[in-house]
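The next block is input10.tsv, given as TSV, C-alpha atoms.
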chain	number	residue	atom	x	y	z
A	1	MET	CA	-11.55	54.57	-121.09
A	2	ARG	CA	-14.29	55.66	-118.70
A	3	TYR	CA	-15.56	54.21	-115.44
A	4	THR	CA	-19.10	54.32	-114.11
A	5	ARG	CA	-20.45	55.86	-110.90
A	6	CYS	CA	-17.13	56.89	-109.37
A	7	ARG	CA	-16.76	57.91	-105.73
A	8	GLU	CA	-13.89	59.15	-103.58
A	9	ALA	CA	-12.98	57.25	-100.42
A	10	VAL	CA	-10.13	56.96	-97.90
A	11	PHE	CA	-7.86	53.92	-97.91
A	12	LEU	CA	-7.39	52.09	-94.60
A	13	ALA	CA	-5.74	48.71	-95.19
A	14	ARG	CA	-5.29	45.86	-97.64
A	15	PRO	CA	-5.94	42.50	-95.98
A	16	ASN	CA	-4.97	40.63	-99.15
A	17	ARG	CA	-4.11	41.24	-102.81
A	18	PHE	CA	-7.74	41.43	-103.89
A	19	ILE	CA	-9.46	43.34	-101.08
A	20	ALA	CA	-9.02	46.76	-99.49
A	21	ARG	CA	-10.78	48.36	-96.57
A	22	VAL	CA	-11.84	51.97	-97.14
A	23	ILE	CA	-14.01	54.64	-95.59
A	24	LEU	CA	-16.85	55.75	-97.89
A	25	ASP	CA	-19.30	58.35	-96.65
A	26	GLY	CA	-18.24	57.66	-93.07
A	27	THR	CA	-18.71	53.88	-93.32
A	28	GLU	CA	-15.95	51.28	-93.48
A	29	ILE	CA	-16.47	48.85	-96.37
A	30	SER	CA	-14.51	46.25	-98.37
A	31	VAL	CA	-13.75	46.92	-102.04
A	32	HIS	CA	-12.09	44.95	-104.82
A	33	VAL	CA	-8.57	46.07	-105.79
A	34	LYS	CA	-8.13	45.94	-109.58
A	35	ASN	CA	-4.39	45.38	-109.23
A	36	THR	CA	-2.76	42.38	-107.55
A	37	GLY	CA	0.66	44.09	-107.50
A	38	ARG	CA	2.24	45.41	-104.34
A	39	CYS	CA	1.50	49.14	-104.82
A	40	ARG	CA	3.14	49.69	-101.43
A	41	GLU	CA	4.20	53.25	-102.21
A	42	LEU	CA	0.63	54.15	-103.24
A	43	LEU	CA	-1.86	52.32	-101.03
A	44	LEU	CA	-0.96	53.95	-97.74
A	45	PRO	CA	-3.34	54.47	-94.81
A	46	GLY	CA	-5.17	57.76	-95.25
A	47	ALA	CA	-4.64	58.00	-99.03
A	48	LYS	CA	-7.58	59.23	-101.07
A	49	VAL	CA	-8.75	56.59	-103.56
A	50	ILE	CA	-11.25	56.45	-106.40
A	51	LEU	CA	-13.89	53.73	-106.45
A	52	SER	CA	-15.99	52.63	-109.42
A	53	GLN	CA	-19.32	50.94	-108.77
A	54	GLY	CA	-19.71	47.55	-110.45
A	55	ASN	CA	-22.71	46.49	-112.52
A	56	ASN	CA	-23.13	42.98	-111.10
A	57	PRO	CA	-25.51	42.93	-108.09
A	58	ALA	CA	-24.33	39.42	-107.18
A	59	ARG	CA	-20.78	40.59	-106.47
A	60	LYS	CA	-19.43	40.34	-102.94
A	61	THR	CA	-17.95	43.84	-103.23
A	62	LYS	CA	-19.95	46.71	-104.65
A	63	TYR	CA	-16.97	48.83	-105.69
A	64	ASP	CA	-13.63	48.48	-107.48
A	65	LEU	CA	-10.63	50.52	-106.35
A	66	VAL	CA	-9.29	51.97	-109.62
A	67	ALA	CA	-7.10	54.96	-108.74
A	68	VAL	CA	-5.26	56.60	-105.87
A	69	TRP	CA	-3.97	60.08	-105.11
A	70	LYS	CA	-0.23	60.31	-104.42
A	71	GLY	CA	-0.12	63.85	-103.12
A	72	GLU	CA	-1.41	65.90	-106.06
A	73	LEU	CA	-0.72	63.10	-108.57
A	74	LEU	CA	-3.63	60.84	-109.50
A	75	VAL	CA	-2.44	57.35	-110.45
A	76	ASN	CA	-4.68	54.87	-112.25
A	77	LEU	CA	-4.17	51.47	-110.58
A	78	ASP	CA	-6.38	49.30	-112.78
A	79	ALA	CA	-4.26	46.40	-114.06
A	80	GLN	CA	-6.69	45.88	-116.95
A	81	ALA	CA	-6.45	49.51	-118.04
A	82	PRO	CA	-3.18	49.32	-120.06
A	83	ASN	CA	-4.66	46.86	-122.58
A	84	VAL	CA	-7.88	48.84	-122.86
A	85	LEU	CA	-5.99	52.12	-123.24
A	86	ALA	CA	-3.60	50.64	-125.79
A	87	ALA	CA	-6.49	49.21	-127.82
A	88	GLU	CA	-8.07	52.67	-127.91
A	89	TYR	CA	-4.78	54.37	-128.78
A	90	LEU	CA	-3.25	52.13	-131.45
A	91	PRO	CA	-5.74	52.88	-134.28
A	92	ARG	CA	-5.08	56.62	-133.88
A	93	SER	CA	-1.38	56.37	-133.05
A	94	GLY	CA	-0.01	56.67	-136.58
A	95	LEU	CA	2.30	53.74	-135.86
A	96	PHE	CA	0.48	51.48	-138.30
A	97	ALA	CA	-1.44	51.80	-141.55
A	98	PRO	CA	-5.09	52.89	-141.23
A	99	HIS	CA	-6.19	49.51	-142.57
A	100	ALA	CA	-4.04	47.50	-140.13
A	101	HIS	CA	-5.81	44.64	-138.39
A	102	ILE	CA	-5.30	44.78	-134.62
A	103	ARG	CA	-6.09	41.60	-132.73
A	104	PRO	CA	-5.87	41.30	-128.93
A	105	GLU	CA	-4.57	38.30	-126.97
A	106	TYR	CA	-2.37	36.43	-129.46
A	107	THR	CA	-0.44	33.28	-128.56
A	108	HIS	CA	2.93	32.78	-130.19
A	109	GLY	CA	5.53	30.27	-129.04
A	110	ASP	CA	5.32	29.81	-125.29
A	111	SER	CA	3.82	33.24	-124.60
A	112	ARG	CA	0.54	35.05	-125.03
A	113	PHE	CA	1.07	38.61	-126.20
A	114	ASP	CA	-1.38	41.45	-125.78
A	115	PHE	CA	-1.66	42.36	-129.48
A	116	TYR	CA	-1.03	40.97	-132.95
A	117	ILE	CA	-1.03	43.63	-135.67
A	118	GLU	CA	-1.02	42.87	-139.38
A	119	GLU	CA	-0.64	45.43	-142.17
A	120	ASP	CA	-0.10	44.01	-145.65
A	121	GLU	CA	3.08	41.91	-145.44
A	122	ARG	CA	4.17	43.27	-142.06
A	123	LYS	CA	3.37	41.34	-138.89
A	124	HIS	CA	3.80	42.74	-135.39
A	125	LEU	CA	3.68	41.33	-131.85
A	126	MET	CA	3.13	43.78	-129.00
A	127	GLU	CA	3.16	43.45	-125.25
A	128	ALA	CA	1.69	46.25	-123.12
A	129	LYS	CA	2.86	46.90	-119.56
A	130	GLY	CA	1.16	49.18	-117.06
A	131	VAL	CA	3.42	51.56	-115.12
A	132	THR	CA	2.35	52.97	-111.74
A	133	LEU	CA	5.69	53.57	-110.02
A	134	GLU	CA	7.20	57.05	-110.07
A	135	GLU	CA	9.89	59.00	-108.27
A	136	ARG	CA	10.11	62.78	-108.74
A	137	GLY	CA	8.40	62.68	-112.10
A	138	HIS	CA	10.40	59.71	-113.42
A	139	ALA	CA	8.41	56.54	-114.16
A	140	PHE	CA	9.81	53.06	-113.53
A	141	PHE	CA	8.83	49.46	-114.30
A	142	PRO	CA	8.48	46.99	-112.66
A	143	ASP	CA	7.51	47.76	-109.05
A	144	ALA	CA	8.22	44.12	-108.12
A	145	PRO	CA	10.26	41.31	-109.74
A	146	THR	CA	8.51	39.95	-112.83
A	147	GLN	CA	9.81	36.75	-114.39
A	148	ARG	CA	6.78	36.85	-116.66
A	149	GLY	CA	7.97	40.22	-117.96
A	150	VAL	CA	11.42	38.84	-118.74
A	151	LYS	CA	9.82	35.87	-120.51
A	152	HIS	CA	7.76	38.22	-122.68
A	153	ILE	CA	10.86	40.22	-123.62
A	154	ASN	CA	12.75	37.08	-124.61
A	155	GLY	CA	9.77	35.97	-126.69
A	156	LEU	CA	9.69	39.32	-128.48
A	157	ILE	CA	13.39	39.03	-129.26
A	158	ARG	CA	12.97	35.52	-130.69
A	159	ALA	CA	10.03	36.69	-132.79
A	160	LEU	CA	12.33	39.08	-134.66
A	161	ASP	CA	14.15	36.10	-136.17
A	162	GLU	CA	10.80	34.68	-137.27
A	163	GLY	CA	9.88	37.69	-139.38
A	164	PHE	CA	7.85	39.67	-136.85
A	165	GLU	CA	8.34	43.23	-135.75
A	166	SER	CA	8.20	43.33	-131.96
A	167	TRP	CA	6.96	46.05	-129.63
A	168	LEU	CA	7.07	46.63	-125.90
A	169	PHE	CA	4.55	49.33	-124.97
A	170	PHE	CA	4.80	50.91	-121.51
A	171	VAL	CA	1.50	52.57	-120.62
A	172	VAL	CA	2.32	55.04	-117.85
A	173	GLN	CA	-0.89	55.42	-115.87
A	174	MET	CA	-0.37	58.99	-114.67
A	175	GLU	CA	0.38	62.50	-115.95
A	176	GLY	CA	3.45	64.69	-116.00
A	177	MET	CA	6.22	62.09	-116.24
A	178	THR	CA	9.45	63.37	-117.79
A	179	ALA	CA	11.18	60.02	-118.42
A	180	PHE	CA	10.79	56.25	-118.16
A	181	SER	CA	13.42	53.67	-117.14
A	182	PRO	CA	13.57	50.02	-116.10
A	183	ASN	CA	13.64	49.60	-112.33
A	184	ASP	CA	17.07	48.01	-112.03
A	185	ARG	CA	17.06	48.29	-108.25
A	186	THR	CA	14.02	46.04	-107.92
A	187	HIS	CA	14.62	43.64	-110.83
A	188	PRO	CA	17.99	44.04	-112.59
A	189	ALA	CA	17.26	41.06	-114.86
A	190	PHE	CA	14.32	42.92	-116.38
A	191	GLY	CA	16.50	45.94	-117.11
A	192	GLU	CA	19.15	43.73	-118.70
A	193	ALA	CA	16.50	42.01	-120.84
A	194	LEU	CA	15.04	45.36	-121.90
A	195	ARG	CA	18.44	46.64	-123.01
A	196	ARG	CA	19.03	43.40	-124.95
A	197	ALA	CA	15.68	43.87	-126.64
A	198	ASN	CA	16.52	47.43	-127.62
A	199	GLU	CA	19.84	46.32	-129.12
A	200	ALA	CA	18.12	43.48	-130.99
A	201	GLY	CA	15.61	45.83	-132.62
A	202	VAL	CA	12.48	45.51	-130.48
A	203	HIS	CA	10.52	48.77	-130.65
A	204	LEU	CA	10.24	50.38	-127.21
A	205	LEU	CA	7.42	52.83	-126.60
A	206	ALA	CA	6.39	54.70	-123.44
A	207	MET	CA	3.25	56.83	-123.38
A	208	GLY	CA	1.72	58.75	-120.52
A	209	CYS	CA	-1.95	59.20	-119.75
A	210	GLN	CA	-4.32	61.97	-118.90
A	211	VAL	CA	-5.95	60.63	-115.74
A	212	ASP	CA	-9.05	61.92	-113.98
A	213	THR	CA	-11.46	60.54	-111.42
A	214	ASN	CA	-13.60	58.93	-114.13
A	215	GLY	CA	-11.00	57.28	-116.35
A	216	ALA	CA	-7.85	57.73	-118.42
A	217	LYS	CA	-6.60	58.31	-121.97
A	218	ILE	CA	-3.16	57.92	-123.56
A	219	THR	CA	-1.98	61.38	-124.54
A	220	TYR	CA	1.78	62.04	-124.54
A	221	PRO	CA	5.12	60.31	-125.34
A	222	ILE	CA	7.72	59.82	-122.63
A	223	PRO	CA	11.49	59.58	-123.31
A	224	ILE	CA	12.96	56.18	-122.48
A	225	LEU	CA	16.27	56.18	-120.61
A	226	LEU	CA	17.95	52.78	-120.50

How would this structure read if it were set down as structure tokens?
Amino acid sequence: MRYTRCREAVFLARPNRFIARVILDGTEISVHVKNTGRCRELLLPGAKVILSQGNNPARKTKYDLVAVWKGELLVNLDAQAPNVLAAEYLPRSGLFAPHAHIRPEYTHGDSRFDFYIEEDERKHLMEAKGVTLEERGHAFFPDAPTQRGVKHINGLIRALDEGFESWLFFVVQMEGMTAFSPNDRTHPAFGEALRRANEAGVHLLAMGCQVDTNGAKITYPIPILL
């Protein structure tokens, strides 16, 4: 996954979920934030951020904020990136047959899942979650309570009884993580649901990314500690 015309800027403030104020080439401008999550531990005044220039001249903001430096760690913040990265990774992952049909955005029951995968008689549902929270090299999800996330887990568990194989894919949008865990401090119900899913037979997968100032790529597995 590659971005176009990337520039480095300095983060100032975030007036709302969608807009940030940054300094670019000595000028203060507004940019679009490609993540409506809190990101409070990342988007701090003075942080270096990566902007990608959009292709639509009619846009109100010329740039998207897509990544941020946390010290020496570059974190991809793009909320759309996990699905794009997963779609690039799955055909080469070895998890499924080479001829498997991978379809994005599949509605089943009361939920829409990120991927439906079919290989011969086997049918899979997969939900991908982007992970941007880390502490001392340990990645956590979520960074804020997510009832939608719990709903997806419950849907994946129910799908097992309907003949599907179910997957929860955590795309960790940074390098060097040594482990992944649910963030029980922020949302204990998500952690409880994730452990139920593991016991029920839902496949849990966490993969880290190589991240640079122009994009990201899924590259390495991360141990999951529940």

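Checking A:Ala67, A:Ala179, A:Ala58, A:Leu204 one by one against Pro223 (chain A), counting all atoms listed in the file, you find the shortest gap at A:Ala179.
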
>> At a cut-off of 6 Å, using all atoms listed in the file, what residues contact region 82-99 of chain A? Leave out same-chain residues fewer than 2 positions from it and give the result as an MDAnalysis selection string.
In response: chainID A and resid 80 130 171

>> Distance cut-off 8 Å, centre (-14.8, 58.8, -110.3) in file coordinates, counting all atoms listed in the file: which residues qualify? Return them as a list of chain:residue names.
In response: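 Output of the proximity query reads A:Tyr3, A:Thr4, A:Arg5, A:Cys6, A:Arg7, A:Glu8, A:Ile50, A:Leu51, A:Ser52, A:Asp212, A:Thr213, A:Asn214, A:Gly215.
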
Within 12 Å of region 144-159 of chain A, which residues of region 74-132 of chain A show up? Give each one with its shortest atom-to-atom distance in Å (one decimal) and the two atoms involved, counting only C-alpha atoms, rows by chain then rising residue number, as a tab-separated table.
residue	atom	partner	partner_atom	distance
A:Thr107	CA	A:Gly155	CA	10.7
A:His108	CA	A:Gly155	CA	8.3
A:Gly109	CA	A:Gly155	CA	7.5
A:Asp110	CA	A:Gly155	CA	7.7
A:Ser111	CA	A:His152	CA	6.6
A:Arg112	CA	A:His152	CA	8.2
A:Phe113	CA	A:His152	CA	7.6
A:Asp114	CA	A:His152	CA	10.2
A:Phe115	CA	A:Leu156	CA	11.8
A:Tyr116	CA	A:Leu156	CA	11.7
A:Lys123	CA	A:Ala159	CA	10.2
A:His124	CA	A:Ala159	CA	9.1
A:Leu125	CA	A:Leu156	CA	7.2
A:Met126	CA	A:Leu156	CA	7.9
A:Glu127	CA	A:His152	CA	7.4
A:Ala128	CA	A:His152	CA	10.1
A:Lys129	CA	A:Gly149	CA	8.6
A:Gly130	CA	A:Gly149	CA	11.3
A:Val131	CA	A:Ala144	CA	11.3
A:Thr132	CA	A:Ala144	CA	11.2

Saved selection, atoms kept: C-alpha atoms, as a PDB file, keeping the file's coordinate frame:
ATOM      1  CA  THR A 107      -0.440  33.280-128.560  1.00  0.00           C
ATOM      2  CA  HIS A 108       2.930  32.780-130.190  1.00  0.00           C
ATOM      3  CA  GLY A 109       5.530  30.270-129.040  1.00  0.00           C
ATOM      4  CA  ASP A 110       5.320  29.810-125.290  1.00  0.00           C
ATOM      5  CA  SER A 111       3.820  33.240-124.600  1.00  0.00           C
ATOM      6  CA  ARG A 112       0.540  35.050-125.030  1.00  0.00           C
ATOM      7  CA  PHE A 113       1.070  38.610-126.200  1.00  0.00           C
ATOM      8  CA  ASP A 114      -1.380  41.450-125.780  1.00  0.00           C
ATOM      9  CA  PHE A 115      -1.660  42.360-129.480  1.00  0.00           C
ATOM     10  CA  TYR A 116      -1.030  40.970-132.950  1.00  0.00           C
ATOM     11  CA  LYS A 123       3.370  41.340-138.890  1.00  0.00           C
ATOM     12  CA  HIS A 124       3.800  42.740-135.390  1.00  0.00           C
ATOM     13  CA  LEU A 125       3.680  41.330-131.850  1.00  0.00           C
ATOM     14  CA  MET A 126       3.130  43.780-129.000  1.00  0.00           C
ATOM     15  CA  GLU A 127       3.160  43.450-125.250  1.00  0.00           C
ATOM     16  CA  ALA A 128       1.690  46.250-123.120  1.00  0.00           C
ATOM     17  CA  LYS A 129       2.860  46.900-119.560  1.00  0.00           C
ATOM     18  CA  GLY A 130       1.160  49.180-117.060  1.00  0.00           C
ATOM     19  CA  VAL A 131       3.420  51.560-115.120  1.00  0.00           C
ATOM     20  CA  THR A 132       2.350  52.970-111.740  1.00  0.00           C
TER      21      THR A 132
END

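Closest approach to Thr186 (chain A) among A:Glu199, A:Glu165, A:Asp143, A:Glu72 is made by A:Asp143 (distances from all atoms listed in the file).
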
> Quick one: distance from CA of Met177 (chain A) to CA of Asn198 (chain A) in Å, one decimal?
Replying inline: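 Spanning CA of Met177 (chain A) to CA of Asn198 (chain A) is a straight-line distance of 21.2 Å.
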
Let me have the centre and edge lengths of the axis-aligned box enclosing all listed atoms of region 185-198 of chain A with 3 Å padding on every side, in Å to one decimal, as AutoDock Vina command-line options.
--center_x 16.6 --center_y 44.7 --center_z -117.8 --size_x 11.1 --size_y 13.2 --size_z 25.7

> So what do you get for CA of Leu73 (chain A) versus CA of Val33 (chain A), distance-wise?
Replying inline: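 Atom-to-atom, CA of Leu73 (chain A) and CA of Val33 (chain A) are spaced 19.0 Å apart.
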
>> Just the number, please: distance in Å from CA of Gly137 (chain A) to CA of Val172 (chain A), one decimal.
In response: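 Result for CA of Gly137 (chain A) versus CA of Val172 (chain A): 11.3 Å, one decimal.
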
>> Nearest residue to Gly201 (chain A) out of A:Ala81, A:Val75, A:Val68, A:Leu160, using all atoms listed in the file?
In response: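 Closest to Gly201 (chain A) of all the choices is A:Leu160.
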
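Distances here use all atoms listed in the file; by that measure, the residue among A:Phe164, A:Gln173, A:Lys60, A:Val10 closest to Ala79 (chain A) is A:Gln173.
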
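Among the candidate residues A:Glu175, A:Asp184, A:Glu118, A:Asp25, the one lying nearest to Glu134 (chain A) is A:Glu175, with distances computed using all atoms listed in the file.
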
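Across A:Ile224, A:Pro104, A:Ala193, A:Phe170, the tightest approach to Met207 (chain A) is made by A:Phe170 when counting all atoms listed in the file.
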
> So which residues fall inside 12 Å of (-15.5, 46.9, -97.4) if we count all atoms listed in the file? Mind giving them as a ChimeraX atom specification?
Replying inline: /A:9-15,18-24,26-33,51,60-65

Take region 158-174 of chain A, model N, CA and C atoms, and hand the result over as a compact mmCIF listing (two decimals), keeping the file's coordinate frame.
# COMPACT_ATOMS: atom_id res chain seq x y z
N ARG A 158 12.98 36.69 -129.80
CA ARG A 158 12.97 35.52 -130.69
C ARG A 158 12.07 35.75 -131.90
N ALA A 159 10.98 36.46 -131.70
CA ALA A 159 10.03 36.69 -132.79
C ALA A 159 10.65 37.50 -133.92
N LEU A 160 11.65 38.31 -133.61
CA LEU A 160 12.33 39.08 -134.66
C LEU A 160 12.94 38.16 -135.70
N ASP A 161 13.52 37.05 -135.25
CA ASP A 161 14.15 36.10 -136.17
C ASP A 161 13.13 35.31 -136.98
N GLU A 162 11.86 35.40 -136.57
CA GLU A 162 10.80 34.68 -137.27
C GLU A 162 10.01 35.59 -138.21
N GLY A 163 10.51 36.79 -138.42
CA GLY A 163 9.88 37.69 -139.38
C GLY A 163 8.90 38.68 -138.80
N PHE A 164 8.74 38.69 -137.49
CA PHE A 164 7.85 39.67 -136.85
C PHE A 164 8.60 40.96 -136.53
N GLU A 165 7.87 42.05 -136.45
CA GLU A 165 8.34 43.23 -135.75
C GLU A 165 7.78 43.14 -134.33
N SER A 166 8.59 43.49 -133.35
CA SER A 166 8.20 43.33 -131.96
C SER A 166 8.15 44.67 -131.26
N TRP A 167 7.17 44.80 -130.36
CA TRP A 167 6.96 46.05 -129.63
C TRP A 167 6.76 45.77 -128.15
N LEU A 168 7.35 46.63 -127.33
CA LEU A 168 7.07 46.63 -125.90
C LEU A 168 6.55 48.02 -125.56
N PHE A 169 5.28 48.08 -125.15
CA PHE A 169 4.55 49.33 -124.97
C PHE A 169 4.32 49.55 -123.48
N PHE A 170 4.98 50.57 -122.92
CA PHE A 170 4.80 50.91 -121.51
C PHE A 170 3.74 52.00 -121.40
N VAL A 171 2.61 51.62 -120.82
CA VAL A 171 1.50 52.57 -120.62
C VAL A 171 1.64 53.14 -119.21
N VAL A 172 2.06 54.40 -119.13
CA VAL A 172 2.32 55.04 -117.85
C VAL A 172 1.02 55.66 -117.36
N GLN A 173 0.48 55.13 -116.28
CA GLN A 173 -0.89 55.42 -115.87
C GLN A 173 -0.99 56.65 -114.97
N MET A 174 -0.34 57.73 -115.42
CA MET A 174 -0.37 58.99 -114.67
C MET A 174 0.14 60.10 -115.60
